[in-house]
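Data block for final-v4.txt (compact mmCIF, C-alpha atoms):
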# COMPACT_ATOMS: atom_id res chain seq x y z
CA MET A 1 -36.45 -163.24 -33.48
CA THR A 2 -37.40 -164.28 -37.02
CA ALA A 3 -35.77 -167.23 -38.78
CA GLY A 4 -33.86 -164.83 -41.05
CA ALA A 5 -32.66 -162.71 -38.14
CA ASP A 6 -31.68 -165.84 -36.26
CA ALA A 7 -29.61 -167.02 -39.24
CA VAL A 8 -27.78 -163.69 -39.38
CA ALA A 9 -27.16 -163.71 -35.64
CA GLY A 10 -25.76 -167.22 -35.90
CA ALA A 11 -23.54 -166.21 -38.78
CA ALA A 12 -22.32 -163.15 -36.87
CA ARG A 13 -20.88 -165.43 -34.21
CA GLU A 14 -18.64 -166.84 -36.95
CA VAL A 15 -17.20 -163.46 -37.93
CA GLY A 16 -14.33 -162.27 -35.78
CA LEU A 17 -12.41 -159.04 -35.51
CA VAL A 18 -8.67 -159.14 -34.88
CA ARG A 19 -6.92 -156.07 -33.49
CA PRO A 20 -3.17 -156.53 -33.97
CA ARG A 21 -2.47 -153.37 -31.91
CA PRO A 22 -5.48 -152.27 -29.85
CA LEU A 23 -5.88 -148.50 -29.61
CA PRO A 24 -8.88 -147.76 -27.37
CA GLY A 25 -8.58 -144.01 -28.02
CA ALA A 26 -8.01 -144.24 -31.76
CA ALA A 27 -9.27 -141.34 -33.84
CA LEU A 28 -10.35 -143.79 -36.54
CA ARG A 29 -10.49 -147.53 -37.13
CA LEU A 30 -9.52 -149.14 -40.43
CA VAL A 31 -11.66 -152.24 -40.95
CA CYS A 32 -9.87 -154.58 -43.38
CA PHE A 33 -11.31 -157.41 -45.49
CA PRO A 34 -8.92 -160.07 -46.90
CA TYR A 35 -8.73 -161.64 -50.34
CA ALA A 36 -10.11 -165.08 -51.21
CA GLY A 37 -8.60 -167.68 -48.93
CA GLY A 38 -6.93 -165.03 -46.78
CA GLY A 39 -7.32 -164.42 -43.09
CA ALA A 40 -6.84 -161.63 -40.59
CA SER A 41 -3.09 -162.31 -40.43
CA VAL A 42 -2.77 -160.62 -43.84
CA PHE A 43 -3.01 -157.31 -41.95
CA ALA A 44 -0.98 -158.27 -38.86
CA SER A 45 1.94 -156.00 -39.77
CA TRP A 46 -0.14 -153.02 -40.85
CA PRO A 47 -0.22 -151.14 -37.52
CA ALA A 48 3.48 -150.38 -37.96
CA GLY A 49 2.60 -148.25 -40.98
CA THR A 50 -0.71 -146.64 -40.09
CA GLY A 51 0.47 -144.30 -37.35
CA PRO A 52 -0.61 -143.77 -33.73
CA ASP A 53 -4.17 -142.57 -34.44
CA ILE A 54 -5.48 -145.35 -36.68
CA GLU A 55 -6.38 -148.76 -35.29
CA VAL A 56 -6.27 -151.65 -37.75
CA CYS A 57 -9.21 -154.04 -37.30
CA ALA A 58 -8.96 -157.15 -39.49
CA VAL A 59 -12.13 -159.11 -40.23
CA GLN A 60 -11.65 -162.84 -39.60
CA LEU A 61 -14.05 -164.85 -41.73
CA PRO A 62 -14.99 -168.46 -40.90
CA GLY A 63 -13.02 -171.33 -42.35
CA ARG A 64 -9.50 -169.95 -41.87
CA GLU A 65 -6.84 -169.46 -39.21
CA ALA A 66 -8.45 -169.31 -35.74
CA ARG A 67 -11.84 -170.10 -37.29
CA PHE A 68 -10.68 -173.09 -39.31
CA GLY A 69 -13.36 -175.76 -39.45
CA GLN A 70 -16.26 -173.31 -39.47
CA ARG A 71 -18.37 -173.24 -42.60
CA PRO A 72 -17.37 -170.33 -44.86
CA PHE A 73 -19.87 -167.96 -46.44
CA GLN A 74 -20.76 -168.39 -50.11
CA ASP A 75 -22.95 -165.30 -50.58
CA VAL A 76 -21.79 -161.72 -50.18
CA ARG A 77 -25.05 -160.33 -48.82
CA THR A 78 -25.28 -162.92 -46.05
CA LEU A 79 -21.64 -162.21 -45.30
CA VAL A 80 -22.07 -158.43 -44.96
CA SER A 81 -25.16 -158.87 -42.79
CA ALA A 82 -23.10 -161.00 -40.44
CA VAL A 83 -20.23 -158.49 -40.46
CA GLU A 84 -22.59 -155.67 -39.51
CA ALA A 85 -23.99 -157.67 -36.60
CA SER A 86 -20.51 -158.66 -35.47
CA LEU A 87 -19.00 -155.16 -35.52
CA GLY A 88 -21.80 -153.73 -33.42
CA GLY A 89 -20.95 -150.45 -31.64
CA LEU A 90 -17.69 -150.08 -33.52
CA LEU A 91 -19.76 -148.65 -36.38
CA ASP A 92 -20.90 -145.74 -34.18
CA GLU A 93 -17.35 -144.37 -34.16
CA PRO A 94 -15.28 -143.06 -37.12
CA PHE A 95 -14.07 -145.88 -39.35
CA ALA A 96 -12.80 -146.55 -42.86
CA LEU A 97 -12.96 -149.72 -44.97
CA PHE A 98 -10.23 -151.48 -46.92
CA GLY A 99 -10.70 -154.60 -49.04
CA HIS A 100 -8.37 -156.46 -51.37
CA SER A 101 -9.72 -158.49 -54.31
CA MET A 102 -12.74 -160.39 -52.94
CA GLY A 103 -12.42 -158.19 -49.87
CA ALA A 104 -12.99 -155.09 -52.01
CA LEU A 105 -16.36 -156.46 -53.10
CA VAL A 106 -17.28 -157.25 -49.49
CA ALA A 107 -16.20 -153.80 -48.28
CA PHE A 108 -18.25 -152.12 -51.04
CA GLU A 109 -21.40 -154.12 -50.36
CA PHE A 110 -20.92 -153.54 -46.64
CA ALA A 111 -20.76 -149.77 -47.23
CA ARG A 112 -23.91 -149.98 -49.33
CA ARG A 113 -25.70 -151.94 -46.61
CA LEU A 114 -24.80 -149.32 -44.01
CA ALA A 115 -26.11 -146.57 -46.29
CA ALA A 116 -29.37 -148.42 -46.92
CA ARG A 117 -29.87 -148.82 -43.18
CA ARG A 118 -28.96 -145.16 -42.57
CA ARG A 119 -26.03 -146.06 -40.39
CA ARG A 120 -22.83 -144.08 -40.12
CA ALA A 121 -20.95 -143.97 -43.43
CA PRO A 122 -17.27 -144.91 -43.66
CA ALA A 123 -14.87 -142.00 -43.69
CA HIS A 124 -13.21 -143.60 -46.71
CA LEU A 125 -13.54 -146.74 -48.85
CA PHE A 126 -10.35 -148.33 -50.23
CA VAL A 127 -10.94 -150.93 -52.94
CA SER A 128 -7.90 -152.87 -54.04
CA ALA A 129 -7.19 -155.20 -56.98
CA ARG A 130 -10.78 -155.74 -58.08
CA PRO A 131 -12.70 -154.41 -61.08
CA ALA A 132 -15.68 -152.20 -60.33
CA PRO A 133 -18.69 -154.36 -59.44
CA HIS A 134 -20.88 -153.34 -62.37
CA LEU A 135 -18.38 -154.57 -64.97
CA PRO A 136 -18.74 -157.97 -66.66
CA ARG A 137 -16.49 -160.51 -64.98
CA PRO A 138 -13.61 -161.47 -67.28
CA TRP A 139 -12.65 -164.52 -65.23
CA PRO A 140 -14.31 -167.99 -65.29
CA ARG A 141 -16.73 -169.13 -62.60
CA ALA A 142 -13.90 -170.63 -60.62
CA HIS A 143 -15.98 -172.10 -57.80
CA LEU A 144 -17.46 -174.61 -60.26
CA LEU A 145 -14.09 -175.85 -61.56
CA PRO A 146 -12.73 -179.31 -60.70
CA ASP A 147 -10.05 -179.27 -58.02
CA ASP A 148 -7.10 -179.42 -60.42
CA GLN A 149 -8.45 -176.57 -62.54
CA LEU A 150 -9.26 -174.51 -59.46
CA ILE A 151 -5.65 -174.91 -58.33
CA ASP A 152 -4.51 -173.80 -61.78
CA ARG A 153 -6.74 -170.74 -61.43
CA VAL A 154 -5.12 -169.88 -58.08
CA ARG A 155 -1.71 -170.37 -59.69
CA GLN A 156 -2.71 -168.01 -62.52
CA ILE A 157 -3.68 -165.26 -60.06
CA GLY A 158 -0.34 -165.59 -58.30
CA GLY A 159 0.59 -164.97 -54.70
CA THR A 160 0.53 -168.62 -53.56
CA PRO A 161 3.88 -170.45 -53.32
CA GLU A 162 4.17 -173.40 -55.68
CA GLN A 163 5.13 -175.72 -52.83
CA VAL A 164 1.75 -174.99 -51.25
CA LEU A 165 -0.14 -175.61 -54.48
CA ALA A 166 1.75 -178.89 -54.97
CA ASP A 167 0.94 -180.17 -51.46
CA ALA A 168 -2.11 -182.37 -52.08
CA ARG A 169 -2.88 -182.86 -48.39
CA LEU A 170 -2.73 -179.15 -47.62
CA MET A 171 -4.81 -178.23 -50.68
CA ARG A 172 -7.55 -180.64 -49.59
CA LEU A 173 -7.88 -178.51 -46.46
CA VAL A 174 -7.65 -175.17 -48.25
CA LEU A 175 -9.80 -175.78 -51.33
CA PRO A 176 -13.22 -175.70 -49.59
CA VAL A 177 -12.51 -172.18 -48.31
CA LEU A 178 -11.14 -171.03 -51.66
CA ARG A 179 -14.12 -172.50 -53.47
CA ALA A 180 -16.55 -170.76 -51.11
CA ASP A 181 -14.73 -167.43 -51.45
CA PHE A 182 -14.73 -167.70 -55.23
CA ALA A 183 -18.48 -168.41 -54.99
CA VAL A 184 -18.87 -165.07 -53.17
CA ASN A 185 -17.23 -163.37 -56.16
CA ASP A 186 -18.82 -165.47 -58.89
CA GLY A 187 -22.31 -165.27 -57.50
CA HIS A 188 -22.36 -161.51 -57.06
CA VAL A 189 -24.87 -159.69 -59.24
CA HIS A 190 -24.60 -155.92 -59.13
CA ARG A 191 -27.88 -154.24 -58.28
CA PRO A 192 -28.02 -150.54 -59.14
CA GLY A 193 -28.95 -148.34 -56.21
CA PRO A 194 -28.11 -145.09 -54.45
CA LEU A 195 -24.49 -144.04 -54.82
CA LEU A 196 -22.13 -143.88 -51.87
CA ASP A 197 -21.18 -140.39 -50.75
CA CYS A 198 -17.84 -141.18 -49.13
CA PRO A 199 -14.40 -140.76 -50.74
CA VAL A 200 -13.28 -143.83 -52.67
CA THR A 201 -9.70 -144.74 -53.53
CA ALA A 202 -9.07 -147.58 -55.99
CA LEU A 203 -5.68 -149.25 -55.75
CA GLY A 204 -3.96 -151.85 -57.88
CA GLY A 205 -0.86 -153.24 -59.51
CA ARG A 206 0.10 -151.94 -62.91
CA ASP A 207 0.67 -155.50 -64.15
CA ASP A 208 -2.40 -157.11 -62.61
CA PRO A 209 -4.35 -159.01 -65.29
CA GLU A 210 -7.27 -159.36 -62.88
CA ALA A 211 -7.89 -155.62 -62.43
CA SER A 212 -6.68 -153.25 -65.13
CA PRO A 213 -6.34 -149.50 -64.51
CA ARG A 214 -9.49 -148.96 -66.59
CA ALA A 215 -11.43 -151.51 -64.53
CA LEU A 216 -10.23 -149.82 -61.33
CA THR A 217 -11.10 -146.34 -62.59
CA ALA A 218 -14.66 -147.55 -63.16
CA TRP A 219 -15.18 -147.53 -59.37
CA GLN A 220 -15.60 -143.77 -59.73
CA ARG A 221 -19.21 -144.18 -60.85
CA HIS A 222 -20.18 -145.67 -57.46
CA THR A 223 -19.71 -142.55 -55.33
CA THR A 224 -20.63 -138.90 -55.38
CA GLY A 225 -17.60 -138.21 -53.21
CA PRO A 226 -13.99 -137.68 -54.26
CA PHE A 227 -12.32 -140.48 -56.21
CA ARG A 228 -8.64 -141.33 -56.63
CA LEU A 229 -6.78 -144.06 -58.49
CA ARG A 230 -3.37 -145.14 -57.20
CA LEU A 231 -1.26 -147.69 -59.05
CA PHE A 232 1.81 -149.56 -57.82
CA ASP A 233 4.44 -151.68 -59.50
CA GLY A 234 3.53 -155.35 -59.47
CA GLY A 235 0.63 -157.68 -60.03
CA HIS A 236 -2.42 -158.83 -58.12
CA PHE A 237 -0.57 -159.04 -54.81
CA TYR A 238 1.33 -155.76 -55.14
CA LEU A 239 0.42 -154.97 -51.52
CA ARG A 240 3.00 -157.46 -50.25
CA GLU A 241 5.96 -155.83 -51.96
CA HIS A 242 4.70 -152.29 -51.51
CA ARG A 243 3.09 -152.40 -48.09
CA ASP A 244 4.80 -149.27 -46.79
CA GLU A 245 3.94 -147.24 -49.87
CA LEU A 246 0.34 -148.49 -49.79
CA LEU A 247 -0.05 -147.61 -46.13
CA ARG A 248 1.37 -144.16 -46.78
CA VAL A 249 -1.40 -143.64 -49.33
CA VAL A 250 -3.99 -144.87 -46.83
CA ARG A 251 -2.60 -142.66 -44.08
CA GLU A 252 -2.49 -139.55 -46.27
CA SER A 253 -5.98 -140.19 -47.64
CA LEU A 254 -7.45 -140.49 -44.16
CA ALA A 255 -5.59 -137.40 -42.95
CA GLY A 256 -6.97 -135.44 -45.90
Could you take the file, read its structure, and then write that structure out as structure tokens?
Amino acid sequence: MTAGADAVAGAAREVGLVRPRPLPGAALRLVCFPYAGGGASVFASWPAGTGPDIEVCAVQLPGREARFGQRPFQDVRTLVSAVEASLGGLLDEPFALFGHSMGALVAFEFARRLAARRRRAPAHLFVSARPAPHLPRPWPRAHLLPDDQLIDRVRQIGGTPEQVLADARLMRLVLPVLRADFAVNDGHVHRPGPLLDCPVTALGGRDDPEASPRALTAWQRHTTGPFRLRLFDGGHFYLREHRDELLRVVRESLAG
């Protein structure tokens, strides 16, 4: 094994897969990637809304929840290499990908990696609350901000209770993971290449300043397959208030 391959194999041991409701005979598996700082528990309630034929498989990245204390990734390409190694034979069966915010970038680059390696393509790619990857980033390079400014950036995005942001002890534990996840986003440089050929659905909140409808629509240029845009009331974390509606869209898209 080469040094590079050994590094990927080591990283793969730090990527977990959580199955909130195992379905060994599932017709399709929905592999879900969380937002910056998020863990697999984000998707714990999803099986209740995906139906009896879709198994939710949540990617658990290092540095959070059950993998707290492990060093988080700071580069998207190293991350997706590790995810591929970790998922193994699961990729030989029908699957779809869902990613929210940072997770959308990871899901997209993962789909591109599979295509480049001529592996099975996802049945569908769902990208949520993130501008298309070729667009200039409107946000600051958050991973380089001092702690207090990084916390303000998290506050600006929304979705984190103020009592959490005000807890200095808790934030000292959380900030290294947030900083690493923001580095994944900030350090990404889009490299033009072959287009995906799977259906892509872009999803977002109508009032999300991080991902406007125009920025979501721009995902269309990354696939030769069908494209749909679905908007929901709310901001960056619309998926919390509109989980059932979102999962209905996912379910109907996969059935189609």
May I have the residues within 12 Å of Gly88 (chain A) as number ranges by chain, using only C-alpha atoms and disregarding those fewer than 4 positions away in the same chain?
-> A: 9, 12-13, 15-17, 81-84, 92-93, 114, 119-120
Top pick for closest residue to Pro146 (chain A), considering A:Arg21, A:Arg169, A:Arg179, A:Arg118 and counting only C-alpha atoms =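 Of A:Arg21, A:Arg169, A:Arg179, A:Arg118, the one nearest Pro146 (chain A), counting only C-alpha atoms, is A:Arg179.
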Take CA of Tyr238 (chain A) and CA of Val184 (chain A) and report the distance between them in Å, one decimal.
-> 22.3 Å
Looking at A:His100, A:Arg251, A:His134, A:Arg64, which one is nearest to Leu203 (chain A), with distances taken over all atoms listed in the file?
-> A:His100
Counting only C-alpha atoms, note down every residue that has an atom within 7 Å of the point (-11.7, -166.5, -44.7) (file coordinates), as a list of chain:residue names.
->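 Checking each residue against the 7 Å limit leaves A:Ala36, A:Gly37, A:Gly38, A:Gly39, A:Gln60, A:Leu61, A:Pro62, A:Gly63, A:Arg64, A:Pro72, A:Val177.
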For Pro199 (chain A): contacts at 7 Å, all atoms listed in the file, fewer than 5 positions along chain excluded, given as a VMD selection string = chain A and resid 124 to 125 225 to 227
Could you pull the residues within 8 Å of Asp186 (chain A), counting all atoms listed in the file, minus those fewer than 6 positions along the same chain, as a PyMOL selection string?
-> chain A and resi 141-143
Which residue gives the smallest distance to Thr217 (chain A) among A:Val31, A:Leu150, A:Leu135, A:Val164, with all atoms listed in the file counted?
-> A:Leu135
Between CA of Val174 (chain A) and CA of Val154 (chain A), distance in Å (one decimal) =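 CA of Val154 (chain A) lies 11.4 Å from CA of Val174 (chain A).
Between Pro213 (chain A) and the residues A:Gly235, A:Pro194, A:Pro176, A:Gly69, the shortest atom-to-atom distance, using all atoms listed in the file, involves A:Gly235.
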Work out how far apart CA of Ala48 (chain A) and CA of Phe110 (chain A) are and give it in Å to one decimal.
->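 Between these atoms lies a distance of 26.1 Å.
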Box time for region 163-175 of chain A: axis-aligned, enclosing all its listed atoms, 5 Å extra on each side; report centre and edge lengths in Å to one decimal, as JSON.
{"center_x": -2.3, "center_y": -178.9, "center_z": -50.7, "size_x": 24.9, "size_y": 17.9, "size_z": 18.5}
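Using all atoms listed in the file for every distance, the candidate list A:Ala211, A:Ala218, A:Ala202, A:Val76 yields A:Val76 as the residue closest to Asn185 (chain A).
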